[in-house]
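Colleague: Okay, handing you the structure first.
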2 protein chains.
Amino acid sequence: MTVKTRMLVALAFVAGATLAMLLSTGGGGDVAPTHAAVGGNALDDIIQKRGLTPDEAEAALKTFVPPGKFDDFVMFTSGGHRGSILLYGIPSMRMLKEIPVYAADSWQGWGQGEAGSEEVLAKGSFGTGLPTQTWGDLHHPQLSLTNGKYDGEWVIGTDKSAGRVAIISLRDFKTKSIFKIPNTDSDHHGLFTDNSEYIIVSTFFPRPYDSPNEYAPIEDYKTKYKGMVSFLRFDREHGRIVPAESFQIELPPYFQDLSIAGRGPSDGYFFINSMNVEMATGGDLEGKPPMEIGASQREMDYLHVIDWKKAAEVAKDPAKAKVINGMKVISLPTAVAERLIYFVPESKSPHGVDLVPGGEYVIVSGKLDPHVTAYSAEKIKKAIADQNFEGKDDFGVPVLKYDACVEAHIPTGLGPLHSVFDNQGNGYTSCFLDSTVVKWTIGPPYNPPEKAWKAVDKVSVHYNIGHLQAPGSNTRKPWGKYVVALNKWSVDRFPPLGPLHPQNLQLIDVSGPQMKLLSDTPTIGEPHNSMIVPVEILQPWTTYPETGWDAVKMQKSEHATQQGQESIKRDGNTVTVNGTVVRSHYKPDIVRVKEGDRVIFNWTNVETARDATHGFGLHGYNINLSIDPGATERAELVATRPGVYPYYCTEFCSALHMEFTGWLLVEPKKKG
Amino acid sequence: MTVKTRMLVALAFVAGATLAMLLSTGGGGDVAPTHAAVGGNALDDIIQKRGLTPDEAEAALKTFVPPGKFDDFVMFTSGGHRGSILLYGIPSMRMLKEIPVYAADSWQGWGQGEAGSEEVLAKGSFGTGLPTQTWGDLHHPQLSLTNGKYDGEWVIGTDKSAGRVAIISLRDFKTKSIFKIPNTDSDHHGLFTDNSEYIIVSTFFPRPYDSPNEYAPIEDYKTKYKGMVSFLRFDREHGRIVPAESFQIELPPYFQDLSIAGRGPSDGYFFINSMNVEMATGGDLEGKPPMEIGASQREMDYLHVIDWKKAAEVAKDPAKAKVINGMKVISLPTAVAERLIYFVPESKSPHGVDLVPGGEYVIVSGKLDPHVTAYSAEKIKKAIADQNFEGKDDFGVPVLKYDACVEAHIPTGLGPLHSVFDNQGNGYTSCFLDSTVVKWTIGPPYNPPEKAWKAVDKVSVHYNIGHLQAPGSNTRKPWGKYVVALNKWSVDRFPPLGPLHPQNLQLIDVSGPQMKLLSDTPTIGEPHNSMIVPVEILQPWTTYPETGWDAVKMQKSEHATQQGQESIKRDGNTVTVNGTVVRSHYKPDIVRVKEGDRVIFNWTNVETARDATHGFGLHGYNINLSIDPGATERAELVATRPGVYPYYCTEFCSALHMEFTGWLLVEPKKKG
């Protein structure tokens with residue numbers, strides 16, 4: 001029997017008896033009402049068989065997102081030193097995407113020979129004398145804001161290991177630029193102002209940025225090392241930083257950490273936590289205490305209060321803001337003299353500084369103090385107006401009287417770190433040492449005074465919670481419903497799979513009076529913080545708006561090729577391939593060059609169908625492109641070694657995907 | 001009120017009224033029996049509120065794994081051109097881990113300045129004239145076998161883009177070696193023999209491996225380009241390939257694709273699918289048909305049948321196996337003369353070749369033929385014994401008579417690709433064009449003849465399924481219960497998040513007479529195939545067995561440092577730091593070097609607590625180490641640029657993690 005005969009027989013069979021049989025057994029009926037058919041006990045049978053408790057059965061039903069349906073929220077979570085941003089759906093907690101930012105991702109063609117992305121990574125590195133950075137430590141994804149609310153346009157993430165800010169479009173979820181911040185080599189955190197006018201970034205590690213060679217002995221730490229806060233003007237149209245419209249303010253050499261921009265009553269102010277006001281520098285092999293001891297000597301650190309709108313005006317005056325390495329820098333003495341900066345004592349070694357939705361209170365947790373502290377924006381402003389100081393720090397910065405600024409202390413238990421807010425007037429604080437999330441009531445106008453600032457519920461988390469997050473927290477519009485605990489250790493919560501354990505994202509239902517733990521989710525990367533947005537706020541492209549799109553420049557590529565216009569052109573030793581990809585072939589599928597030639601590939605995916613991404617994996621030359629529908633991607637190589645180098649579509653696309661191949665033929669140089 | 005006073009007050013408060021209140025509200029009670037308390041309708045209320053169908057509610061309860069409980073199975077899934085292996089839990093489909101293999105992962109310190117991993121990547125590359133490969137295309141994770149069953153010791157993955165095999169230990173889930181296979185630059189697939197004696201790998205793209213410069217014009221394709229199958233001796237103790245005990249057999253220049261090693265009646269034989277027996281080479285810009293057309297002209301391709309145990313004997317004879325580039329190679333004429341290789345026609349452009357649990361039948365799907373074909377091992381052996389040929393191919397390989405080898409055709413519908421097996425005598429085939437999984441009955445002894453080889457159920461999948469997988473399929477011990485469909489396109493199944501769509505893993509319940517779709521899971525990377533193993537078969541380490549462990553060498557490191565023995569030693573221009581890390585400091589935390597010095601860091605994590613991983617992120621020099629409990633990790637740099645370079649723990653570890661920092665001080669060279 002030949003294949004053709006068998007095919008005919010089979011088709012008849014499929015169309016006849018088999019098909020009827022399959023249909024009669026409900027084959028393919030993934031929404032068939034079997035529950036009704038077998039009676040109402042089907043669910044109870046499953047619950048019993050699987051040994052689920054009533055709470056667990058509830059959690060199952062609350063978190064399941066049926067096949068083909070969408071999650072309600074998307075959580076943008078940092079990948080930490082994986083250098084990426086991870087997207088999870090809520091309530092299913094399925095990982096929906098990973099956006100490569102500071103590190104390469106060969107699957108997505110990011111930094112793996114694709115010219116545009118490699119230019120972004122190279123430009124965003126330290127420069128002379130140091131290698132292109134191929135990792136970063138991204139802690140705090142921040143979504144762009146319009147009127148203090150998520151607008152679904154951009155997400156940024158700074159790099160603790162390098163002092164950089166990366167800007168990612170939420171049209172195609174790709175990184176558009178990485179800006180290496182001058183005069184600073186470290187930033188734990190950066191965020192948008194309420195209308196995304198600026199991205200504000202403070203240093204974590206101080207550095208001797210204005211010393212010769214940017215070097216000073218550690219013994220000169222107090223005099224030569226300096227902190228910095230950068231106000232980076234954001235070009236919302238292009239996803240770029242505009243250095244000429246940006247400025248910096250020098251800070252004392254404390255570790256400036258998390259921060260928040262004011263709104264409402266706190267509008268125009270910027271608040272930064274600090275650590276290590278002791279200015280300890282370690283030296284444990286040299287007979288000094290290690291940093292963890294040295295930096296924990298004093299009772300209080302300083303919450304920095306910066307009048308950034310006034311600072312923006314001061315920065316325009318060349319007499320007050322010296323240009324250093326292309327950035328206007330307001331020196332610390334000038335900042336003090338211009339009344340741009342104040343301190344307020346805060347419980348030592350704080351992690352979080354957060355802002356209630358309307359901007360009335362700044363919430364700080366000192367991790368060694370078993371409360372969170374609520375500062376009143378009005379009281380801070382009054383203390384500034386009254387010049388109500390309790391002294392100055394070593395650098396002459398006025399310290400506002402603590403009691404004049406504080407509104408309340410909320411007892412939370414041990415190790416409070418970060419706070420988030422819902423839409424019902426509640427705050428939620430992560431407690432590291434207790435491994436809990438504590439729910440408490442915000443003061444007026446969110447709750448009447450008699451119900452304000454009280455801890456009202458607590459739930460255990462597993463284990464070592466760091467940040468926590470809630471939809472729209474730290475914006476003008478929180479949504480409530482869920483809190484996600486981002487736990488640093490998982491220990492025994494997941495099957496052991498080697499010494500490196502995942503972190504644990506725990507979803508908590510906060511829609512009722514009591515919090516309920518719903519699910520545990522192991523993660524990859526090191527999630528520090530996240531932002532949660534309703535899925536409908538995102539308005540991405542599903543294919544590119546025009547065939548031949550340059551994903552980095554967000555415009556039609558100058559290297560785009562139309563179908564029928566494919567070519568291979570030689571100019572001296574440079575061979576340029578202008579090709580197209582479409583199911584299921586490259587055109588051209590043979591490229592003939594000579595050893596030593598420079599070869600440029602410009603591939604345009606002429607598909608317009610959603611999901612019709614193709615790859616360009618080239619043997620030997622360490623290149624893989626991911627060419628989304630409509631995109632033009634570029635790669636370049638020097639044909640250093642003769643031989644035969646197949647290329648092929650790395651993204652399974654069609655029935656004839658396996659045949660989607662081509663050849664780069666590198667002819668050897670003639671000997672002698 | 002000072003912090004200390006407030007702390008005392010707060011502690012009293014927490015210990016008293018607040019705690020009582022919290023307890024009385026059920027705070028922290030994540031297993032409290034609220035369902036019972038609120039009556040039996042709680043679940044129905046949730047089902048109604050969330051609009052779940054009865055099937056969806058069942059799926060929710062069947063797939064939910066409660067907080068702190070473990071999944072039943074672990075699925076090892078390829079990351080494709082992401083170069084990794086991803087681990088998912090079944091039935092929750094939570095991603096449990098990603099194992100970096102061919103590409104760097106800065107989170108795990110793989111290939112990001114860590115010396116051991118960078119040596120693995122460099123050694124596993126093409127060598128002279130080509131860059132170190134920092135990506136790979138890993139399609140087929142394969143778990144090691146003992147007596148044809150999973151033993152939980154090793155997993156391997158080959159690289160379609162480079163002809164390599166990577167070996168990963170399931171003790172620590174880390175890559176131990178990457179072997180660049182001589183005489184082959186491409187392998188779609190590689191697998192273990194039944195006792196993991198060999199890893200067998202066949203080429204996908206043929207190449208002119210024995211031509212000068214390994215180059216030949218594409219016009220000489222038929223005469224100079226050659227396929228290859230490699231039998232790589234596996235050193236089970238060390239996770240290495242032993243080239244001296246390995247051998248290769250030359251094949252015609254077809255595209256050799258997936259393969260399977262026999263057992264039971266098929267023991268000693270190895271079966272390889274092939275495509276493009278047309279030997280098309282494309283040339284679409286040169287006026288020839290593209291590959292997708294050229295490679296689909298003939299009605300049949302050839303299933304390769306190789307007597308590998310006999311070949312292993314032949315390879316020992318230097319007269320019959322010439323050593324080329326360090327490998328014994330049996331030429332194709334020798335293989336034919338020694339009766340090592342036969343062909344059987346197979347439906348053109350096949351994807352899968354699979355083996356039923358006992359080894360009686362080889363199952364092949366030609367994707368343009370709407371059946372799967374079952375070949376009988378006994379019939380193939382008889383045809384070989386009888387020399388029952390229908391001819392020879394262009395290279396003299398005898399072609400066994402098709403009808404003499406075939407046992408059955410099972411009609412499945414359009415585009416059948418791959419087949420897997422359960423423990424109830426059933427096969428499941430993925431159909432790409434129909435987007436279905438079809439269940440069918442295996443022949444005797446699995447089912448009586450009258451019930452054999454019949455399609456009995458079908459379920460729709462979304463969309464473009466490639467592989468599918470079931471626990472223990474293609475081994476002697478399948479477990480049944482679930483099938484996972486690995487779908488290439490997701491199109492509209494998940495919230496749109498840019499032009500690059502995830503693939504879709506669909507979990508199907510196959511425990512009953514009818515298959516039921518349970519859930520959709522979006523993925524990262526490009527999953528091609530997977531292996532599913534019961535979680536209890538894995539016996540990993542949760543910390544290293546000895547402090548100072550070298551993860552690559554799997555033994556105590558020569559660079560390990562004991563606590564109290566930390567040192568910084570200078571030898572000429574080389575500065576070696578032998579340090580320890582422990583919550584929450586580095587020792588040393590200050591390292592002073594001079595511009596131009598070579599600096600070596602050897603860090604030992606002296607922790608013995610599970611999950612106490614620390615990082616070493618160094619600014620500027622592009623290094624991040626992940627130092628698991630007990631591990632010693634190494635990094636090396638040349639201090640090319642003077643300045644101040646903080647280092648810090650990148651893996652959040654403790655309350656004082658933020659203070660876990662140090663300084664590399666690079667003093668400038670004296671001028672003049």
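By convention in this document, the chains of the structure tokens carry letters A, B, ... by their order, each chain's residues are numbered from 1, and ligands are numbered from 1 in the order they are shown.
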Find the residues near Gly148 in chain B: any atom within 9 Å, counting only C-alpha atoms, skip ones fewer than 6 places away on the same chain, and give them as a list of chain:residue names.
Modeller: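 The residues that qualify are B:Thr193, B:Asp194, B:Asn195, B:Ser196, B:Arg263, B:Asn474, B:Thr475, B:Arg476, B:Lys477.
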Colleague: Take the residues from that selection and write them out as a compact mmCIF listing (two decimals), in the first residue's frame, keeping N, CA, C and O atoms.
Modeller:
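Okay, selection_15.txt is ready:
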# COMPACT_ATOMS: atom_id res chain seq x y z
N THR B 193 21.35 5.31 25.96
CA THR B 193 20.97 3.91 25.81
C THR B 193 20.37 3.45 27.15
O THR B 193 20.40 4.18 28.15
N ASP B 194 19.84 2.25 27.16
CA ASP B 194 19.00 1.80 28.27
C ASP B 194 19.71 1.77 29.63
O ASP B 194 19.06 1.84 30.68
N ASN B 195 21.04 1.65 29.64
CA ASN B 195 21.78 1.73 30.89
C ASN B 195 22.78 2.88 30.88
O ASN B 195 23.78 2.86 31.59
N SER B 196 22.47 3.86 30.03
CA SER B 196 23.28 5.08 29.94
C SER B 196 24.75 4.80 29.62
O SER B 196 25.63 5.58 29.97
N ARG B 263 15.00 -1.51 22.89
CA ARG B 263 15.07 -2.35 24.09
C ARG B 263 14.16 -3.56 23.87
O ARG B 263 13.37 -3.56 22.92
N ASN B 474 8.53 6.55 26.58
CA ASN B 474 9.80 6.17 25.95
C ASN B 474 10.79 5.56 26.93
O ASN B 474 11.99 5.53 26.67
N THR B 475 10.31 5.12 28.08
CA THR B 475 11.13 4.28 28.97
C THR B 475 10.35 2.98 29.22
O THR B 475 9.21 2.83 28.77
N ARG B 476 10.96 2.11 30.00
CA ARG B 476 10.28 0.85 30.34
C ARG B 476 9.14 1.06 31.32
O ARG B 476 8.34 0.15 31.54
N LYS B 477 9.12 2.24 32.00
CA LYS B 477 8.13 2.42 33.05
C LYS B 477 7.37 3.74 32.89
O LYS B 477 7.72 4.75 33.50
Colleague: Within 10 Å of Gln297 in chain A, counting only C-alpha atoms, which residues qualify if same-chain residues fewer than 5 places away don't, as a PyMOL selection string?
Modeller: chain A and resi 276-278+280+292+348
Colleague: Which parts of range 291-448 of chain A does DSSP call helix (DSSP H, G or I) when run on the backbone here, written out as a VMD selection string?
Modeller: chain A and resid 291 to 294 308 to 314 332 to 337 377 to 385 402 to 405
Colleague: Just checking: using only C-alpha atoms, which residue out of B:Val305, B:Ile200, B:Val437, B:Ile384 ends up closest to chain A?
Modeller: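 For chain A, the nearest of the given residues is B:Val437.
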Colleague: Go ahead and compute the interatomic distance for CA of His351 in chain A and CA of Tyr302 in chain A, in Å to one decimal.
Modeller: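 The value is 12.1 Å.
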Colleague: What lies within 8 Å of Pro588 in chain B using only C-alpha atoms, ignoring chain neighbours under 4 positions off, as a list in words?
Modeller: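 The neighbour list is Gly283, Asp284 and Leu285 of chain A; Glu566, Ser567, Ile568, Val577, Gly579, Thr580 and Gly662 of chain B.
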Colleague: Deliver the residues from the most recent selection as a file, using N, CA, C and O atoms, as a PDB file, in the first residue's frame.
Modeller:
ATOM      1  N   GLY A 283      36.300  46.688  56.877  1.00  0.00           N
ATOM      2  CA  GLY A 283      37.732  46.470  57.124  1.00  0.00           C
ATOM      3  C   GLY A 283      37.952  45.292  58.070  1.00  0.00           C
ATOM      4  O   GLY A 283      38.830  45.324  58.926  1.00  0.00           O
ATOM      5  N   ASP A 284      37.162  44.234  57.882  1.00  0.00           N
ATOM      6  CA  ASP A 284      37.180  43.148  58.875  1.00  0.00           C
ATOM      7  C   ASP A 284      38.459  42.324  58.862  1.00  0.00           C
ATOM      8  O   ASP A 284      38.808  41.706  59.862  1.00  0.00           O
ATOM      9  N   LEU A 285      39.169  42.334  57.738  1.00  0.00           N
ATOM     10  CA  LEU A 285      40.465  41.634  57.737  1.00  0.00           C
ATOM     11  C   LEU A 285      41.583  42.565  58.226  1.00  0.00           C
ATOM     12  O   LEU A 285      42.718  42.157  58.404  1.00  0.00           O
TER      13      LEU A 285
ATOM     14  N   GLU B 566      41.031  33.416  56.236  1.00  0.00           N
ATOM     15  CA  GLU B 566      40.915  34.335  55.104  1.00  0.00           C
ATOM     16  C   GLU B 566      42.226  35.088  54.889  1.00  0.00           C
ATOM     17  O   GLU B 566      42.939  35.395  55.857  1.00  0.00           O
ATOM     18  N   SER B 567      42.497  35.393  53.633  1.00  0.00           N
ATOM     19  CA  SER B 567      43.763  36.088  53.354  1.00  0.00           C
ATOM     20  C   SER B 567      43.694  36.860  52.045  1.00  0.00           C
ATOM     21  O   SER B 567      42.848  36.575  51.182  1.00  0.00           O
ATOM     22  N   ILE B 568      44.566  37.844  51.932  1.00  0.00           N
ATOM     23  CA  ILE B 568      44.824  38.519  50.650  1.00  0.00           C
ATOM     24  C   ILE B 568      46.315  38.381  50.405  1.00  0.00           C
ATOM     25  O   ILE B 568      47.122  38.834  51.224  1.00  0.00           O
ATOM     26  N   VAL B 577      42.577  36.766  46.587  1.00  0.00           N
ATOM     27  CA  VAL B 577      41.724  36.959  47.754  1.00  0.00           C
ATOM     28  C   VAL B 577      41.094  35.613  48.088  1.00  0.00           C
ATOM     29  O   VAL B 577      40.335  35.065  47.283  1.00  0.00           O
ATOM     30  N   GLY B 579      38.574  34.287  50.507  1.00  0.00           N
ATOM     31  CA  GLY B 579      37.635  34.863  51.454  1.00  0.00           C
ATOM     32  C   GLY B 579      36.473  33.941  51.782  1.00  0.00           C
ATOM     33  O   GLY B 579      36.269  32.904  51.149  1.00  0.00           O
ATOM     34  N   THR B 580      35.727  34.343  52.805  1.00  0.00           N
ATOM     35  CA  THR B 580      34.512  33.615  53.175  1.00  0.00           C
ATOM     36  C   THR B 580      33.313  34.558  53.138  1.00  0.00           C
ATOM     37  O   THR B 580      33.459  35.779  53.261  1.00  0.00           O
ATOM     38  N   GLY B 662      31.219  45.310  50.399  1.00  0.00           N
ATOM     39  CA  GLY B 662      32.679  45.432  50.472  1.00  0.00           C
ATOM     40  C   GLY B 662      33.179  46.370  49.382  1.00  0.00           C
ATOM     41  O   GLY B 662      32.399  46.898  48.586  1.00  0.00           O
TER      42      GLY B 662
END
Colleague: Can you list, as a VMD selection string, all residues belonging to range 239-410 of chain B that DSSP tags as strand (DSSP E or B)?
Modeller: chain B and resid 240 to 251 255 to 261 269 to 275 300 to 307 322 to 324 327 to 330 341 to 347 350 to 355 361 to 366 371 to 376 389 to 392 398 to 400 406 to 410
Colleague: With only C-alpha atoms as the atoms that count, which of A:Glu636, A:Glu250, A:Glu360, A:Glu667 lies nearest to Ile330 in chain A?
Modeller: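 Going through A:Glu636, A:Glu250, A:Glu360, A:Glu667 one by one, the smallest distance to Ile330 in chain A is for A:Glu250.
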Colleague: What lies within 10 Å of Thr175 in chain A using only C-alpha atoms, ignoring chain neighbours under 4 positions off, as a PyMOL selection string?
Modeller: chain A and resi 99-102+110+117+120-121+154-156+166-170+239+551-552
Colleague: Asp301 in chain A: which residues within 12 Å, counting only C-alpha atoms, same-chain residues fewer than 6 positions away excluded, as a VMD selection string?
Modeller: (chain A and resid 254 to 257 272 to 279 295 343 to 351 364 to 368 393 399 402) or (chain B and resid 3)
Colleague: So that I can see what lies close to Val65 in chain A, please list as a list of chain:residue names the residues with an atom at most 9 Å from it, counting only C-alpha atoms and leaving out residues fewer than 2 positions away in the same chain.
Modeller: A:Leu61, A:Lys62, A:Thr63, A:Pro67, A:Gly68, A:Lys69, A:Phe70, A:Asp71, A:Ile90, A:Pro91, A:Ser92, B:Leu52, B:Glu56, B:Ala60, B:Ser519, B:Asp520
Colleague: Generate the output file for the selected residues, N, CA and C atoms, as a compact mmCIF listing (two decimals), in the first residue's frame.
Modeller:
# COMPACT_ATOMS: atom_id res chain seq x y z
N LEU A 61 -10.28 27.43 43.69
CA LEU A 61 -11.32 28.04 42.85
C LEU A 61 -11.10 29.54 42.68
N LYS A 62 -10.46 30.16 43.65
CA LYS A 62 -10.21 31.61 43.55
C LYS A 62 -9.03 31.94 42.63
N THR A 63 -8.12 31.01 42.46
CA THR A 63 -6.90 31.33 41.72
C THR A 63 -6.86 30.76 40.31
N PRO A 67 -8.54 27.67 30.95
CA PRO A 67 -7.87 27.69 29.65
C PRO A 67 -8.49 28.72 28.72
N GLY A 68 -7.65 29.59 28.17
CA GLY A 68 -8.14 30.58 27.21
C GLY A 68 -8.65 31.86 27.82
N LYS A 69 -8.82 31.90 29.14
CA LYS A 69 -9.27 33.15 29.80
C LYS A 69 -8.05 33.90 30.32
N PHE A 70 -8.23 35.18 30.59
CA PHE A 70 -7.11 36.03 31.02
C PHE A 70 -7.12 36.26 32.52
N ASP A 71 -5.95 36.48 33.06
CA ASP A 71 -5.83 36.97 34.43
C ASP A 71 -6.37 38.39 34.52
N ILE A 90 -2.21 37.59 37.74
CA ILE A 90 -2.91 37.42 39.02
C ILE A 90 -4.39 37.28 38.72
N PRO A 91 -5.08 36.27 39.24
CA PRO A 91 -4.70 35.43 40.38
C PRO A 91 -4.00 34.11 40.04
N SER A 92 -3.76 33.78 38.78
CA SER A 92 -3.20 32.44 38.51
C SER A 92 -1.74 32.32 38.92
N LEU B 52 -17.20 30.09 36.68
CA LEU B 52 -16.54 28.87 36.24
C LEU B 52 -17.57 27.84 35.79
N GLU B 56 -14.46 23.57 34.44
CA GLU B 56 -13.40 24.46 34.90
C GLU B 56 -13.19 24.32 36.40
N ALA B 60 -9.81 23.25 38.24
CA ALA B 60 -9.20 24.03 39.33
C ALA B 60 -8.80 23.12 40.48
N SER B 519 -5.55 22.76 31.91
CA SER B 519 -5.03 24.12 32.07
C SER B 519 -4.12 24.53 30.93
N ASP B 520 -3.99 25.85 30.77
CA ASP B 520 -3.04 26.46 29.84
C ASP B 520 -1.93 27.12 30.64
Colleague: Please provide the set of residues having any atom within 8 Å of His189 in chain B, restricted to only C-alpha atoms, with same-chain residues fewer than 2 positions apart removed, written as a list in words.
Modeller: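 So the residues in contact are His139, His140, Gly157, Thr158, Asp159, Lys160, Asp187, Leu191, Val201, Ser202, Asp257, Leu258 and Ser259 of chain B.
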Colleague: Export C-alpha atoms of the chosen residues as an mmCIF file, in the first residue's frame?
Modeller:
data_model
loop_
_atom_site.group_PDB
_atom_site.id
_atom_site.type_symbol
_atom_site.label_atom_id
_atom_site.label_comp_id
_atom_site.auth_asym_id
_atom_site.auth_seq_id
_atom_site.Cartn_x
_atom_site.Cartn_y
_atom_site.Cartn_z
ATOM 1 C CA HIS B 139 15.573 20.817 22.151
ATOM 2 C CA HIS B 140 15.496 17.474 23.902
ATOM 3 C CA GLY B 157 20.615 18.294 26.297
ATOM 4 C CA THR B 158 22.187 18.626 22.868
ATOM 5 C CA ASP B 159 22.528 21.825 20.828
ATOM 6 C CA LYS B 160 21.014 21.986 17.363
ATOM 7 C CA ASP B 187 22.500 17.822 16.455
ATOM 8 C CA LEU B 191 19.667 10.281 24.047
ATOM 9 C CA VAL B 201 23.610 11.876 18.822
ATOM 10 C CA SER B 202 22.878 12.285 15.134
ATOM 11 C CA ASP B 257 16.583 13.949 12.915
ATOM 12 C CA LEU B 258 14.975 12.338 15.961
ATOM 13 C CA SER B 259 16.015 8.891 17.083
#
Colleague: One decimal, Å: what's the distance from CA of Pro357 in chain B over to CA of Ser230 in chain B, could you say?
Modeller: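 Interatomic distance, CA of Pro357 in chain B to CA of Ser230 in chain B: 24.2 Å.
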Colleague: Between A:Ala452, A:Trp107, A:Leu637, A:Glu98, which is the closest to Ser78 in chain B once you count only C-alpha atoms?
Modeller: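 Of A:Ala452, A:Trp107, A:Leu637, A:Glu98, the one nearest Ser78 in chain B, counting only C-alpha atoms, is A:Trp107.
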Colleague: What is the CA of Lys669 in chain A-CA of Val593 in chain A distance in Å, reported with one decimal?
Modeller: 10.5 Å
Colleague: Find, counting only C-alpha atoms, the residue in B:Val581, B:Ile465, B:Ile47, B:Ile324 that gets nearest to chain A.
Modeller: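 Of B:Val581, B:Ile465, B:Ile47, B:Ile324, the one nearest chain A is B:Ile47, counting only C-alpha atoms.
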